[in-house]
Amino acid sequence: MASRVLLAVMATMALVMVVQASDPELTTDYFVPMGTDKATLTGDYFTSMVFRGMPAIVAPAKIGVKRITSDSFPVLTGLGVSTAMIKYLPGGINPPHTHPRGTEVLYVMEGTLTVGLVDTTNKLFMKVLEKGDVFVFPKGLVHYQINNGNKPVTVFVSFSSSNPGTVSLPVTLFGSGIPDDVLTAGFKVDRHVVNRLQAAQGQK
């Protein structure tokens, strides 16, 4: 398992480094938190142990995520990279979402995963990925992943930002308090349909 993780880290980091980063360029070798004496830093500052062990699964999506971003790992600040490990149980889904500040590079470590993205011309691109495959989700485009198989899937992802952000469409549209009349008009559905979708996001 450790060797596969190392291979995934090396492969996806190499790919993501060719993508233009979204973060401001550093004027020093690396970020040092305010009030920290650089002389006191050790190798621990550049080390994260978040990926030790698999992610915990969250219902009902049937996926688990471990993230390493500048929020939890300050040395990434300004370096233009971050990463995550995701595990999908059978039927697990990462619903339509976007990353407004970073391109995503996904590497399948184990299993078979169906992915899709929609570009600004409203064209849908879908692909069934196998172990060892890599797929790119350009910054800001809506995309999703789903495990349609009967075995768990593990993927490693890298981003071209130290804090790419995630905008989940179901949560944003139906869990943020957008007025019902805007949603009924925008989706051309009855109010009870909107209410049911809002209820699923804890709004009703």
# chains A, B, ... in the order shown; residues from 1 in each chain; ligands from 1
call {"tool": "residues_around", "arguments": {"residues": "A:Met109", "least_positions_apart": "2", "cutoff": "6 Å", "atoms": "only C-alpha atoms", "output": "PyMOL selection string"}}
result
chain A and resi 131+154-155
call {"tool": "closest_atom_pairs", "arguments": {"of": "stretch 86-201 of chain A", "to": "stretch 34-51 of chain A", "cutoff": "12 Å", "atoms": "only C-alpha atoms", "output": "JSON lines"}}
result
{"residue": "A:Ile86", "atom": "CA", "partner": "A:Phe51", "partner_atom": "CA", "distance": 10.2}
{"residue": "A:Lys87", "atom": "CA", "partner": "A:Phe51", "partner_atom": "CA", "distance": 11.8}
{"residue": "A:Val155", "atom": "CA", "partner": "A:Phe51", "partner_atom": "CA", "distance": 11.9}
{"residue": "A:Phe156", "atom": "CA", "partner": "A:Phe51", "partner_atom": "CA", "distance": 10.1}
call {"tool": "write_last_selection", "arguments": {"atoms": "N, CA, C and O atoms", "output": "tab-separated table (two decimals), in the first residue's frame"}}
result
chain	number	residue	atom	x	y	z
A	86	ILE	N	-9.17	9.74	-1.60
A	86	ILE	CA	-10.61	9.50	-1.52
A	86	ILE	C	-10.88	8.01	-1.68
A	86	ILE	O	-10.32	7.36	-2.58
A	87	LYS	N	-11.75	7.47	-0.83
A	87	LYS	CA	-12.19	6.09	-0.96
A	87	LYS	C	-13.69	6.07	-1.23
A	87	LYS	O	-14.46	6.73	-0.53
A	155	VAL	N	-8.64	6.58	-4.77
A	155	VAL	CA	-7.98	7.48	-5.70
A	155	VAL	C	-7.12	8.47	-4.93
A	155	VAL	O	-7.35	8.75	-3.75
A	156	PHE	N	-6.13	9.00	-5.62
A	156	PHE	CA	-5.27	10.05	-5.10
A	156	PHE	C	-5.41	11.24	-6.03
A	156	PHE	O	-5.35	11.09	-7.25
call {"tool": "residues_around", "arguments": {"residues": "stretch 115-126 of chain A", "least_positions_apart": "2", "cutoff": "10 Å", "atoms": "only C-alpha atoms", "output": "PyMOL selection string"}}
result
chain A and resi 93-94+96-98+106+112-113+128-129+135-138+140-147
call {"tool": "residues_around", "arguments": {"residues": "stretch 72-79 of chain A", "least_positions_apart": "5", "cutoff": "7 Å", "atoms": "only C-alpha atoms", "output": "tab-separated table (two decimals) with all heavy atoms, in the first residue's frame"}}
result
chain	number	residue	atom	x	y	z
A	23	ASP	N	-2.06	30.21	-6.85
A	23	ASP	CA	-1.65	30.92	-5.65
A	23	ASP	C	-0.65	32.01	-5.97
A	23	ASP	O	0.09	31.94	-6.95
A	23	ASP	CB	-1.00	29.94	-4.67
A	23	ASP	CG	-1.96	28.83	-4.26
A	23	ASP	OD1	-3.16	29.08	-4.30
A	23	ASP	OD2	-1.48	27.73	-3.91
A	24	PRO	N	-0.59	33.07	-5.13
A	24	PRO	CA	0.41	34.11	-5.33
A	24	PRO	C	1.81	33.53	-5.22
A	24	PRO	O	2.06	32.59	-4.47
A	24	PRO	CB	0.14	35.08	-4.16
A	24	PRO	CG	-1.24	34.77	-3.71
A	24	PRO	CD	-1.47	33.32	-4.00
A	25	GLU	N	2.72	34.07	-5.99
A	25	GLU	CA	4.09	33.57	-5.98
A	25	GLU	C	4.79	33.99	-4.69
A	25	GLU	O	4.68	35.13	-4.24
A	25	GLU	CB	4.86	34.12	-7.18
A	25	GLU	CG	6.27	33.58	-7.30
A	25	GLU	CD	6.97	34.07	-8.55
A	25	GLU	OE1	6.29	34.68	-9.40
A	25	GLU	OE2	8.19	33.87	-8.66
A	26	LEU	N	5.50	33.05	-4.10
A	26	LEU	CA	6.24	33.34	-2.88
A	26	LEU	C	7.48	34.18	-3.20
A	26	LEU	O	8.07	34.05	-4.27
A	26	LEU	CB	6.70	32.04	-2.21
A	26	LEU	CG	5.65	31.21	-1.49
A	26	LEU	CD1	6.26	29.90	-1.02
A	26	LEU	CD2	5.09	31.98	-0.29
A	30	TYR	N	9.93	29.26	1.12
A	30	TYR	CA	8.69	28.61	1.56
A	30	TYR	C	8.04	29.47	2.63
A	30	TYR	O	8.66	30.37	3.20
A	30	TYR	CB	8.97	27.20	2.10
A	30	TYR	CG	10.09	27.12	3.10
A	30	TYR	CD1	9.88	27.35	4.45
A	30	TYR	CD2	11.39	26.83	2.68
A	30	TYR	CE1	10.91	27.30	5.36
A	30	TYR	CE2	12.44	26.78	3.59
A	30	TYR	CZ	12.19	27.01	4.93
A	30	TYR	OH	13.22	26.98	5.84
A	31	PHE	N	6.77	29.19	2.90
A	31	PHE	CA	5.98	29.98	3.85
A	31	PHE	C	6.36	29.63	5.28
A	31	PHE	O	6.48	28.45	5.64
A	31	PHE	CB	4.50	29.72	3.62
A	31	PHE	CG	3.61	30.34	4.66
A	31	PHE	CD1	3.31	31.70	4.60
A	31	PHE	CD2	3.07	29.58	5.68
A	31	PHE	CE1	2.48	32.27	5.56
A	31	PHE	CE2	2.24	30.15	6.64
A	31	PHE	CZ	1.94	31.50	6.57
A	46	PHE	N	7.79	20.04	7.18
A	46	PHE	CA	7.55	19.69	5.79
A	46	PHE	C	6.88	18.31	5.64
A	46	PHE	O	6.75	17.82	4.53
A	46	PHE	CB	8.86	19.69	5.01
A	46	PHE	CG	9.57	21.03	5.01
A	46	PHE	CD1	10.47	21.35	6.02
A	46	PHE	CD2	9.30	21.96	4.02
A	46	PHE	CE1	11.10	22.58	6.03
A	46	PHE	CE2	9.93	23.20	4.02
A	46	PHE	CZ	10.83	23.51	5.03
A	162	SER	N	-2.89	25.53	-3.37
A	162	SER	CA	-2.72	25.05	-2.00
A	162	SER	C	-4.04	25.05	-1.25
A	162	SER	O	-4.15	24.45	-0.19
A	162	SER	CB	-1.69	25.90	-1.26
A	162	SER	OG	-2.10	27.26	-1.20
call {"tool": "closest_residue", "arguments": {"among": "A:Ile68, A:Ala200, A:Ala56, A:Ile63", "to": "A:Gly92", "atoms": "only C-alpha atoms"}}
result
A:Ile63
call {"tool": "closest_residue", "arguments": {"among": "A:Gly53, A:Ala84, A:Gly64, A:Asp181", "to": "A:Val193", "atoms": "only C-alpha atoms"}}
result
A:Asp181
call {"tool": "select_by_dssp", "arguments": {"residues": "chain A", "states": "helix (DSSP H, G or I)", "output": "number ranges by chain"}}
result
A: 2-16, 38-40, 43-46, 74-76, 169-174, 180-187, 191-200
call {"tool": "select_by_dssp", "arguments": {"residues": "stretch 20-191 of chain A", "states": "strand (DSSP E or B)", "output": "PyMOL selection string"}}
result
chain A and resi 58+63-68+82-88+93-98+104-110+113-118+124-129+134-137+142-146+153-159+167-168
call {"tool": "residues_around", "arguments": {"residues": "stretch 158-160 of chain A", "least_positions_apart": "5", "cutoff": "6 Å", "atoms": "only C-alpha atoms", "output": "list of chain:residue names"}}
result
A:Val16, A:Ala21, A:Gly80, A:Val81, A:Ser82, A:Thr83, A:Gly102, A:Thr103, A:Glu104, A:Val105
call {"tool": "atom_distance", "arguments": {"atom1": "atom CA of A:His192", "atom2": "atom CA of A:Leu169"}}
result
19.2 Å
call {"tool": "closest_residue", "arguments": {"among": "A:Val157, A:Val189, A:Val108, A:Val194", "to": "A:Gly175", "atoms": "only C-alpha atoms"}}
result
A:Val194
call {"tool": "atom_distance", "arguments": {"atom1": "atom CA of A:Pro55", "atom2": "atom CA of A:Pro152"}}
result
12.1 Å
call {"tool": "decode", "arguments": {"residues": "stretch 21-54 of chain A", "atoms": "N, CA and C atoms", "output": "PDB file, in the first residue's frame"}}
result
ATOM      1  N   ALA A  21      -0.158  27.491 -11.383  1.00  0.00           N
ATOM      2  CA  ALA A  21      -0.754  27.559 -10.056  1.00  0.00           C
ATOM      3  C   ALA A  21      -1.636  28.786  -9.906  1.00  0.00           C
ATOM      4  N   SER A  22      -2.609  28.664  -8.978  1.00  0.00           N
ATOM      5  CA  SER A  22      -3.528  29.764  -8.731  1.00  0.00           C
ATOM      6  C   SER A  22      -3.073  30.636  -7.572  1.00  0.00           C
ATOM      7  N   ASP A  23      -2.065  30.212  -6.853  1.00  0.00           N
ATOM      8  CA  ASP A  23      -1.650  30.916  -5.653  1.00  0.00           C
ATOM      9  C   ASP A  23      -0.652  32.012  -5.968  1.00  0.00           C
ATOM     10  N   PRO A  24      -0.594  33.065  -5.133  1.00  0.00           N
ATOM     11  CA  PRO A  24       0.410  34.115  -5.326  1.00  0.00           C
ATOM     12  C   PRO A  24       1.814  33.527  -5.223  1.00  0.00           C
ATOM     13  N   GLU A  25       2.723  34.072  -5.991  1.00  0.00           N
ATOM     14  CA  GLU A  25       4.094  33.575  -5.977  1.00  0.00           C
ATOM     15  C   GLU A  25       4.789  33.989  -4.689  1.00  0.00           C
ATOM     16  N   LEU A  26       5.502  33.048  -4.096  1.00  0.00           N
ATOM     17  CA  LEU A  26       6.244  33.339  -2.879  1.00  0.00           C
ATOM     18  C   LEU A  26       7.476  34.178  -3.198  1.00  0.00           C
ATOM     19  N   THR A  27       7.856  35.019  -2.269  1.00  0.00           N
ATOM     20  CA  THR A  27       9.095  35.790  -2.407  1.00  0.00           C
ATOM     21  C   THR A  27      10.191  35.217  -1.517  1.00  0.00           C
ATOM     22  N   THR A  28       9.868  34.086  -0.851  1.00  0.00           N
ATOM     23  CA  THR A  28      10.846  33.364  -0.038  1.00  0.00           C
ATOM     24  C   THR A  28      10.837  31.901  -0.478  1.00  0.00           C
ATOM     25  N   ASP A  29      11.744  31.107   0.062  1.00  0.00           N
ATOM     26  CA  ASP A  29      11.818  29.694  -0.318  1.00  0.00           C
ATOM     27  C   ASP A  29      10.527  28.952  -0.007  1.00  0.00           C
ATOM     28  N   TYR A  30       9.928  29.265   1.117  1.00  0.00           N
ATOM     29  CA  TYR A  30       8.695  28.614   1.558  1.00  0.00           C
ATOM     30  C   TYR A  30       8.039  29.474   2.634  1.00  0.00           C
ATOM     31  N   PHE A  31       6.769  29.191   2.896  1.00  0.00           N
ATOM     32  CA  PHE A  31       5.985  29.984   3.846  1.00  0.00           C
ATOM     33  C   PHE A  31       6.363  29.626   5.282  1.00  0.00           C
ATOM     34  N   VAL A  32       6.535  30.654   6.097  1.00  0.00           N
ATOM     35  CA  VAL A  32       6.771  30.478   7.528  1.00  0.00           C
ATOM     36  C   VAL A  32       5.693  31.252   8.277  1.00  0.00           C
ATOM     37  N   PRO A  33       4.910  30.585   9.127  1.00  0.00           N
ATOM     38  CA  PRO A  33       3.840  31.277   9.855  1.00  0.00           C
ATOM     39  C   PRO A  33       4.361  32.458  10.664  1.00  0.00           C
ATOM     40  N   MET A  34       3.540  33.495  10.753  1.00  0.00           N
ATOM     41  CA  MET A  34       3.915  34.681  11.507  1.00  0.00           C
ATOM     42  C   MET A  34       4.208  34.304  12.963  1.00  0.00           C
ATOM     43  N   GLY A  35       5.277  34.835  13.473  1.00  0.00           N
ATOM     44  CA  GLY A  35       5.655  34.563  14.855  1.00  0.00           C
ATOM     45  C   GLY A  35       6.514  33.325  15.027  1.00  0.00           C
ATOM     46  N   THR A  36       6.781  32.608  13.917  1.00  0.00           N
ATOM     47  CA  THR A  36       7.613  31.407  13.975  1.00  0.00           C
ATOM     48  C   THR A  36       9.043  31.750  13.587  1.00  0.00           C
ATOM     49  N   ASP A  37       9.994  31.314  14.402  1.00  0.00           N
ATOM     50  CA  ASP A  37      11.407  31.517  14.105  1.00  0.00           C
ATOM     51  C   ASP A  37      11.840  30.436  13.112  1.00  0.00           C
ATOM     52  N   LYS A  38      12.244  30.849  11.917  1.00  0.00           N
ATOM     53  CA  LYS A  38      12.632  29.896  10.876  1.00  0.00           C
ATOM     54  C   LYS A  38      13.739  28.961  11.345  1.00  0.00           C
ATOM     55  N   ALA A  39      14.584  29.448  12.215  1.00  0.00           N
ATOM     56  CA  ALA A  39      15.710  28.644  12.692  1.00  0.00           C
ATOM     57  C   ALA A  39      15.250  27.449  13.522  1.00  0.00           C
ATOM     58  N   THR A  40      14.037  27.509  14.042  1.00  0.00           N
ATOM     59  CA  THR A  40      13.541  26.416  14.890  1.00  0.00           C
ATOM     60  C   THR A  40      12.840  25.325  14.077  1.00  0.00           C
ATOM     61  N   LEU A  41      12.629  25.547  12.782  1.00  0.00           N
ATOM     62  CA  LEU A  41      11.924  24.566  11.964  1.00  0.00           C
ATOM     63  C   LEU A  41      12.780  23.322  11.736  1.00  0.00           C
ATOM     64  N   THR A  42      12.110  22.171  11.672  1.00  0.00           N
ATOM     65  CA  THR A  42      12.782  20.903  11.387  1.00  0.00           C
ATOM     66  C   THR A  42      12.066  20.215  10.230  1.00  0.00           C
ATOM     67  N   GLY A  43      12.471  19.001   9.915  1.00  0.00           N
ATOM     68  CA  GLY A  43      11.813  18.236   8.866  1.00  0.00           C
ATOM     69  C   GLY A  43      10.352  17.983   9.141  1.00  0.00           C
ATOM     70  N   ASP A  44       9.955  18.045  10.416  1.00  0.00           N
ATOM     71  CA  ASP A  44       8.549  17.843  10.761  1.00  0.00           C
ATOM     72  C   ASP A  44       7.646  18.877  10.093  1.00  0.00           C
ATOM     73  N   TYR A  45       8.169  20.081   9.901  1.00  0.00           N
ATOM     74  CA  TYR A  45       7.363  21.153   9.300  1.00  0.00           C
ATOM     75  C   TYR A  45       6.971  20.812   7.866  1.00  0.00           C
ATOM     76  N   PHE A  46       7.791  20.039   7.185  1.00  0.00           N
ATOM     77  CA  PHE A  46       7.548  19.689   5.787  1.00  0.00           C
ATOM     78  C   PHE A  46       6.879  18.314   5.638  1.00  0.00           C
ATOM     79  N   THR A  47       6.475  17.732   6.750  1.00  0.00           N
ATOM     80  CA  THR A  47       5.940  16.368   6.749  1.00  0.00           C
ATOM     81  C   THR A  47       4.481  16.342   7.197  1.00  0.00           C
ATOM     82  N   SER A  48       3.650  15.615   6.445  1.00  0.00           N
ATOM     83  CA  SER A  48       2.274  15.349   6.853  1.00  0.00           C
ATOM     84  C   SER A  48       2.074  13.842   6.947  1.00  0.00           C
ATOM     85  N   MET A  49       1.369  13.402   7.979  1.00  0.00           N
ATOM     86  CA  MET A  49       1.088  11.977   8.154  1.00  0.00           C
ATOM     87  C   MET A  49      -0.403  11.681   7.979  1.00  0.00           C
ATOM     88  N   VAL A  50      -1.101  12.605   7.332  1.00  0.00           N
ATOM     89  CA  VAL A  50      -2.552  12.483   7.168  1.00  0.00           C
ATOM     90  C   VAL A  50      -2.931  11.215   6.419  1.00  0.00           C
ATOM     91  N   PHE A  51      -2.121  10.787   5.447  1.00  0.00           N
ATOM     92  CA  PHE A  51      -2.480   9.640   4.622  1.00  0.00           C
ATOM     93  C   PHE A  51      -2.159   8.290   5.260  1.00  0.00           C
ATOM     94  N   ARG A  52      -1.708   8.292   6.497  1.00  0.00           N
ATOM     95  CA  ARG A  52      -1.521   7.019   7.197  1.00  0.00           C
ATOM     96  C   ARG A  52      -2.904   6.456   7.527  1.00  0.00           C
ATOM     97  N   GLY A  53      -3.242   5.329   6.933  1.00  0.00           N
ATOM     98  CA  GLY A  53      -4.581   4.763   7.112  1.00  0.00           C
ATOM     99  C   GLY A  53      -5.546   5.310   6.071  1.00  0.00           C
ATOM    100  N   MET A  54      -6.639   4.582   5.859  1.00  0.00           N
ATOM    101  CA  MET A  54      -7.606   4.957   4.842  1.00  0.00           C
ATOM    102  C   MET A  54      -8.615   5.961   5.394  1.00  0.00           C
TER     103      MET A  54
END
